[in-house]
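Listing of final16.cif, mmCIF, C-alpha atoms
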```cif
data_run
#
loop_
_atom_site.label_atom_id
_atom_site.label_comp_id
_atom_site.auth_asym_id
_atom_site.auth_seq_id
_atom_site.Cartn_x
_atom_site.Cartn_y
_atom_site.Cartn_z
CA MET W 16 5.16 -56.81 159.89
CA ASN W 17 5.49 -53.52 161.74
CA GLU W 18 8.08 -54.86 164.13
CA LEU W 19 10.03 -56.26 161.27
CA ARG W 20 9.93 -52.89 159.60
CA ARG W 21 11.20 -51.23 162.75
CA THR W 22 14.09 -53.63 163.01
CA PHE W 23 14.84 -52.92 159.42
CA LEU W 24 14.75 -49.17 159.97
CA LYS W 25 17.05 -49.53 162.95
CA LEU W 26 19.36 -51.68 160.93
CA SER W 27 19.45 -49.21 158.09
CA GLY W 28 19.91 -46.30 160.50
CA SER W 29 23.35 -45.62 159.20
CA ALA W 30 24.34 -46.13 155.63
CA GLY W 31 27.41 -48.04 156.80
CA THR W 32 25.33 -50.70 158.48
CA LEU W 33 23.23 -51.08 155.39
CA ALA W 34 26.23 -51.50 153.16
CA LEU W 35 27.59 -54.06 155.59
CA ALA W 36 24.31 -55.95 155.62
CA THR W 37 24.22 -55.99 151.84
CA ALA W 38 27.78 -57.18 151.67
CA ALA W 39 27.02 -59.96 154.13
CA GLY W 40 24.19 -61.05 151.86
CA VAL W 41 21.54 -60.36 154.46
CA LEU W 42 19.71 -57.96 152.19
CA LYS W 43 19.97 -59.45 148.77
CA PRO W 44 18.36 -57.38 146.07
CA GLY W 45 15.32 -59.25 144.81
CA PRO W 46 14.01 -62.56 146.09
CA ALA W 47 16.91 -64.96 146.36
CA TRP W 48 14.87 -68.00 145.36
CA ALA W 49 13.40 -66.51 142.21
CA ALA W 50 14.83 -67.86 138.98
CA GLU W 51 16.66 -65.35 136.86
CA TRP W 52 14.46 -63.54 134.36
CA ASN W 53 15.06 -64.92 130.89
CA GLN W 54 16.07 -61.64 129.23
CA ASP W 55 17.00 -63.19 125.87
CA ALA W 56 13.76 -65.10 125.46
CA PHE W 57 11.57 -62.16 126.48
CA ALA W 58 13.41 -59.70 124.24
CA ALA W 59 13.15 -61.95 121.18
CA LYS W 60 11.02 -60.49 118.41
CA ALA W 61 10.57 -63.69 116.44
CA VAL W 62 8.77 -66.74 117.74
CA SER W 63 11.63 -69.00 116.69
CA ASP W 64 14.17 -66.91 118.64
CA ALA W 65 12.00 -66.88 121.73
CA LEU W 66 11.65 -70.66 121.57
CA LYS W 67 15.37 -71.10 121.04
CA ASN W 68 16.16 -68.97 124.09
CA LEU W 69 13.71 -70.99 126.15
CA GLY W 70 15.74 -74.02 125.16
CA ALA W 71 12.68 -75.42 123.41
CA THR W 72 13.79 -77.48 120.45
CA ASN W 73 12.19 -80.51 118.75
CA LEU W 74 8.71 -79.45 119.73
CA ILE W 75 6.20 -82.26 119.82
CA GLU W 76 2.57 -81.43 118.99
CA SER W 77 0.46 -82.69 121.84
CA LYS W 78 -3.27 -83.10 122.41
CA ASP W 79 -2.67 -83.30 126.14
CA ILE W 80 -2.23 -79.56 126.31
CA VAL W 81 -5.48 -77.68 126.46
CA ILE W 82 -5.50 -73.95 125.76
CA THR W 83 -8.62 -72.26 127.02
CA ALA W 84 -9.06 -68.92 125.28
CA PRO W 85 -11.91 -67.23 123.45
CA ASP W 86 -12.24 -67.78 119.67
CA ILE W 87 -12.92 -64.09 119.28
CA ALA W 88 -11.58 -61.57 121.79
CA GLU W 89 -13.29 -58.22 121.48
CA ASN W 90 -10.73 -56.43 123.60
CA GLY W 91 -7.12 -57.35 122.92
CA ALA W 92 -6.00 -55.71 126.17
CA VAL W 93 -7.60 -58.44 128.24
CA VAL W 94 -7.61 -61.88 126.69
CA PRO W 95 -8.19 -64.64 129.24
CA VAL W 96 -5.85 -67.55 128.52
CA ALA W 97 -5.63 -70.75 130.54
CA VAL W 98 -3.30 -73.64 129.82
CA THR W 99 -3.85 -77.12 131.22
CA SER W 100 -1.17 -79.73 130.71
CA LYS W 101 -2.16 -83.34 131.28
CA ILE W 102 1.38 -84.48 130.54
CA ALA W 103 2.98 -86.23 133.51
CA ASN W 104 5.82 -84.41 135.28
CA THR W 105 5.07 -81.04 133.74
CA GLN W 106 7.95 -78.77 134.74
CA SER W 107 7.18 -75.55 132.98
CA ILE W 108 4.53 -73.87 130.87
CA SER W 109 5.26 -70.95 128.54
CA ILE W 110 2.69 -68.90 126.68
CA LEU W 111 3.42 -67.03 123.46
CA SER W 112 1.21 -64.71 121.48
CA GLU W 113 2.84 -65.17 118.10
CA LYS W 114 2.21 -61.77 116.51
CA ASN W 115 2.94 -59.59 119.54
CA PRO W 116 6.02 -57.32 119.27
CA PHE W 117 7.66 -59.62 121.81
CA PRO W 118 5.94 -63.00 121.41
CA LEU W 119 6.85 -64.58 124.75
CA ALA W 120 4.22 -63.40 127.23
CA ALA W 121 4.81 -65.56 130.26
CA SER W 122 6.78 -68.54 131.45
CA PHE W 123 5.79 -70.56 134.50
CA THR W 124 7.90 -73.05 136.40
CA VAL W 125 5.93 -75.59 138.38
CA SER W 126 7.29 -77.47 141.42
CA ASN W 127 6.36 -79.07 144.75
CA GLY W 128 2.80 -80.10 143.92
CA GLY W 129 1.86 -77.21 141.69
CA GLU W 130 -0.45 -78.60 139.00
CA GLY W 131 0.09 -78.28 135.27
CA TYR W 132 -2.42 -75.49 135.10
CA VAL W 133 -2.10 -71.74 134.82
CA SER W 134 -4.66 -69.11 134.02
CA THR W 135 -3.98 -65.47 133.29
CA ARG W 136 -4.92 -62.58 131.03
CA LEU W 137 -2.81 -61.35 128.15
CA LYS W 138 -2.59 -58.37 125.84
CA MET W 139 -2.74 -59.24 122.17
CA GLY W 140 -1.85 -56.79 119.42
CA GLU W 141 -3.75 -58.53 116.66
CA THR W 142 -5.37 -61.79 115.62
CA SER W 143 -2.79 -64.49 116.12
CA ASN W 144 -2.01 -67.94 117.35
CA VAL W 145 -1.56 -68.43 121.06
CA ARG W 146 1.07 -71.09 121.56
CA ALA W 147 1.66 -73.06 124.74
CA VAL W 148 4.97 -74.80 125.26
CA VAL W 149 5.17 -77.39 128.00
CA LYS W 150 8.37 -78.90 129.30
CA ALA W 151 8.03 -82.36 130.82
CA ASP W 152 10.85 -84.81 131.55
CA GLY W 153 13.23 -82.71 129.49
CA LYS W 154 11.04 -82.85 126.38
CA PHE W 155 9.07 -79.98 124.91
CA TYR W 156 5.44 -80.28 123.88
CA THR W 157 3.33 -77.66 122.19
CA ALA W 158 -0.20 -76.71 121.17
CA VAL W 159 -1.72 -73.71 119.44
CA LYS W 160 -5.07 -71.97 119.38
CA GLU W 161 -6.03 -69.08 117.18
CA VAL W 162 -7.60 -66.06 118.84
CA LYS W 163 -9.25 -63.41 116.68
CA VAL W 164 -8.78 -59.95 118.10
CA THR W 165 -11.23 -57.17 117.24
CA ILE W 166 -9.43 -54.28 118.95
CA GLY W 167 -5.70 -54.63 119.57
CA GLY W 168 -4.42 -54.18 123.09
CA CYS W 169 -0.83 -53.11 122.61
CA GLY W 170 -1.27 -49.40 121.88
CA MET B 2 3.69 -48.47 147.77
CA ALA B 3 1.94 -51.15 145.86
CA GLU B 4 -1.65 -51.96 146.65
CA PRO B 5 -2.52 -55.28 148.27
CA MET B 6 -3.39 -58.27 146.13
CA LYS B 7 -6.70 -60.03 146.26
CA ILE B 8 -6.09 -63.72 146.79
CA ARG B 9 -8.65 -66.47 147.16
CA ALA B 10 -7.72 -70.07 147.83
CA THR B 11 -10.51 -72.65 147.96
CA LEU B 12 -10.17 -76.35 148.48
CA GLN B 13 -11.60 -78.73 145.87
CA GLY B 14 -10.85 -82.27 146.97
CA ASP B 15 -7.11 -82.21 147.71
CA VAL B 16 -6.43 -79.40 145.27
CA ALA B 17 -6.42 -75.78 146.28
CA ASP B 18 -7.77 -73.50 143.58
CA VAL B 19 -5.85 -70.26 143.99
CA ARG B 20 -6.94 -67.07 142.28
CA ILE B 21 -4.83 -63.95 142.53
CA LEU B 22 -5.57 -60.43 141.39
CA MET B 23 -2.62 -58.01 141.48
CA MET B 24 -2.87 -54.26 141.22
CA HIS B 25 -0.32 -53.05 138.69
CA PRO B 26 -0.36 -50.76 135.61
CA MET B 27 1.66 -53.21 133.44
CA GLU B 28 2.84 -50.51 131.02
CA THR B 29 4.12 -51.92 127.73
CA GLY B 30 6.47 -49.06 126.93
CA GLN B 31 4.52 -48.48 123.72
CA ARG B 32 1.52 -46.53 124.96
CA LYS B 33 1.55 -42.75 124.74
CA ASP B 34 -0.10 -40.50 127.31
CA SER B 35 -2.34 -37.52 126.51
CA LYS B 36 0.73 -35.33 125.87
CA GLY B 37 2.15 -37.76 123.35
CA GLN B 38 4.93 -38.89 125.66
CA VAL B 39 5.70 -42.58 125.69
CA VAL B 40 4.83 -44.12 129.04
CA PRO B 41 7.92 -46.03 130.17
CA LEU B 42 7.97 -49.78 130.65
CA HIS B 43 6.62 -50.77 134.03
CA PHE B 44 5.55 -54.36 134.52
CA ILE B 45 5.67 -57.31 136.89
CA LYS B 46 8.60 -59.52 135.97
CA ASN B 47 8.36 -62.24 138.51
CA VAL B 48 5.61 -63.87 140.55
CA VAL B 49 6.29 -66.58 143.09
CA VAL B 50 3.51 -68.63 144.67
CA THR B 51 4.30 -70.66 147.77
CA HIS B 52 2.42 -73.36 149.65
CA ASN B 53 3.42 -73.53 153.34
CA GLY B 54 6.68 -71.82 152.38
CA LYS B 55 7.53 -74.14 149.47
CA VAL B 56 7.61 -72.64 146.00
CA VAL B 57 4.89 -74.20 143.83
CA LEU B 58 4.96 -71.75 140.93
CA ASP B 59 7.65 -69.38 139.73
CA ALA B 60 6.35 -67.18 136.93
CA GLN B 61 8.33 -64.94 134.64
CA TRP B 62 6.22 -62.39 132.86
CA SER B 63 6.61 -59.92 130.05
CA GLN B 64 4.74 -56.68 129.50
CA ALA B 65 2.17 -58.64 127.50
CA VAL B 66 0.30 -59.62 130.63
CA SER B 67 -2.81 -57.46 131.10
CA ARG B 68 -3.15 -54.54 133.48
CA ASN B 69 -4.07 -55.56 137.04
CA PRO B 70 -2.94 -59.10 136.29
CA PHE B 71 -4.95 -62.16 137.13
CA LEU B 72 -3.25 -65.44 137.90
CA GLY B 73 -4.95 -68.75 138.57
CA VAL B 74 -3.03 -71.79 139.84
CA ARG B 75 -3.87 -75.13 141.40
CA VAL B 76 -1.92 -76.65 144.27
CA LYS B 77 -2.09 -80.39 144.84
CA GLY B 78 -2.06 -81.91 148.31
CA ALA B 79 -3.34 -78.80 150.05
CA LYS B 80 -5.41 -78.86 153.23
CA ALA B 81 -7.71 -76.31 154.81
CA GLY B 82 -5.67 -73.87 156.86
CA ASP B 83 -2.54 -74.19 154.70
CA LYS B 84 -0.76 -70.98 153.86
CA ILE B 85 -0.58 -69.71 150.30
CA GLY B 86 1.88 -66.87 149.78
CA VAL B 87 2.29 -64.71 146.70
CA THR B 88 5.16 -62.32 145.97
CA TRP B 89 5.56 -60.22 142.86
CA THR B 90 8.52 -58.11 141.77
CA ASP B 91 8.38 -55.54 138.98
CA ASN B 92 11.04 -54.14 136.67
CA LYS B 93 11.55 -51.13 138.96
CA GLY B 94 12.36 -53.37 141.90
CA ASP B 95 9.06 -52.71 143.62
CA LYS B 96 7.55 -55.76 145.27
CA ARG B 97 4.63 -56.94 147.29
CA THR B 98 3.92 -60.07 149.32
CA ASP B 99 0.54 -61.24 150.55
CA GLU B 100 -0.61 -64.42 152.23
CA VAL B 101 -3.92 -66.22 152.69
CA THR B 102 -5.03 -69.46 154.29
CA VAL B 103 -6.74 -72.13 152.23
CA ALA B 104 -10.47 -72.05 152.90
CA ALA B 105 -12.48 -75.22 153.36
CA PRO B 106 -15.00 -75.89 150.59
CA SER B 107 -18.31 -74.28 151.41
#
```

Kindly present the structure from the file in structure tokens form.
Amino acid sequence: MNELRRTFLKLSGSAGTLALATAAGVLKPGPAWAAEWNQDAFAAKAVSDALKNLGATNLIESKDIVITAPDIAENGAVVPVAVTSKIANTQSISILSEKNPFPLAASFTVSNGGEGYVSTRLKMGETSNVRAVVKADGKFYTAVKEVKVTIGGCG
Amino acid sequence: MAEPMKIRATLQGDVADVRILMMHPMETGQRKDSKGQVVPLHFIKNVVVTHNGKVVLDAQWSQAVSRNPFLGVRVKGAKAGDKIGVTWTDNKGDKRTDEVTVAAPS
């Protein structure tokens, strides 16, 4: 790590070299393999817009998606949410908290042996449905679970 | 400089159970500080989890993910000694990468 850093410092010794390196694509801003952040979907204020920008149309209700979240969350700032998809070939999992100012909370793309399972913690402004949207084989599946929030976590 | 993540990867059969704890304020852009000033948006946008260098999970997040985010994932076909890497990038361009080896079940 340290040696790498030194090489980097040497390389960036003169601004000219740095500009050259950037131009040559050696130092790309941001990880090159990361998918582009879905600005439109994350900025959407309505659930339907967020879904549309995710490309999720013709949602199919599915019992093969299990949302693990508390029935009552005392603290809306930390609501543990886990989504397990038993649908074969799960490609992506998105989680929406329907009454948040921006409903789309997270979107996960699974590949190379990653299982259809994610677990995280979300902020929830008020009591609302948590919706999971799973993409598998080009089709979109969905499930909801209501979480009652005692103290909102968006303030 | 961002603080290191806490990552634990334990083998359960042929599935590695990976649990990651990141240190980040995850500001929503709606909270006000004690002086009544709005604290600007500052949150992790992207998290990439790799298994022996191959991307297994690419997460896009919004500010709705809790402070000091937790992420749990499962990686199929993992063996003890495999490398699990995690990189996050936030909306200010700050990033952090950490790596652990998969531990054998105890």

Which residue of B:Asp59, B:Asp99, B:Glu4, B:Glu28 approaches Gly129 of chain W most closely, using only C-alpha atoms: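 Counting only C-alpha atoms, the residue closest to Gly129 of chain W is B:Asp59.
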
8 Å contact set for Asn115 of chain W, all atoms listed in the file, chain neighbours under 6 positions out, as a count of residues only: 3

Interface, chain B side, toward chain W (8 Å; all atoms listed in the file) as a PyMOL selection string: chain B and resi 29+31-33+46-47+49+55-68+70-78+90+94

Shortest interatomic distance to Lys114 of chain W - which of W:Val159, W:Val62, W:Leu69, W:Ile166, counting only C-alpha atoms: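 With only C-alpha atoms as the atom set, the closest residue is W:Val62.
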
Nearest to Thr99 of chain W, chosen from W:Val81, W:Ala71, W:Ile87, W:Val162, with only C-alpha atoms counted in the distances: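 Under the stated criterion, the closest residue is W:Val81.
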
Shell of 8 Å around Asp55 of chain W, all atoms listed in the file, local chain residues under 3 positions omitted, as a PyMOL selection string: chain W and resi 58-59+65+68

Nearest residue to Asn144 of chain W from the set W:Thr72, W:Ser63, W:Asn90, W:Ala158 (distances using all atoms listed in the file):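 Once distances to Asn144 of chain W are computed over all atoms listed in the file, the minimum belongs to W:Ala158.
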
Separation of atom CA of Val40 of chain B from atom CA of Pro85 of chain W, in Å and rounded to one decimal: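 Rounded to one decimal, the two atoms are 29.1 Å apart.
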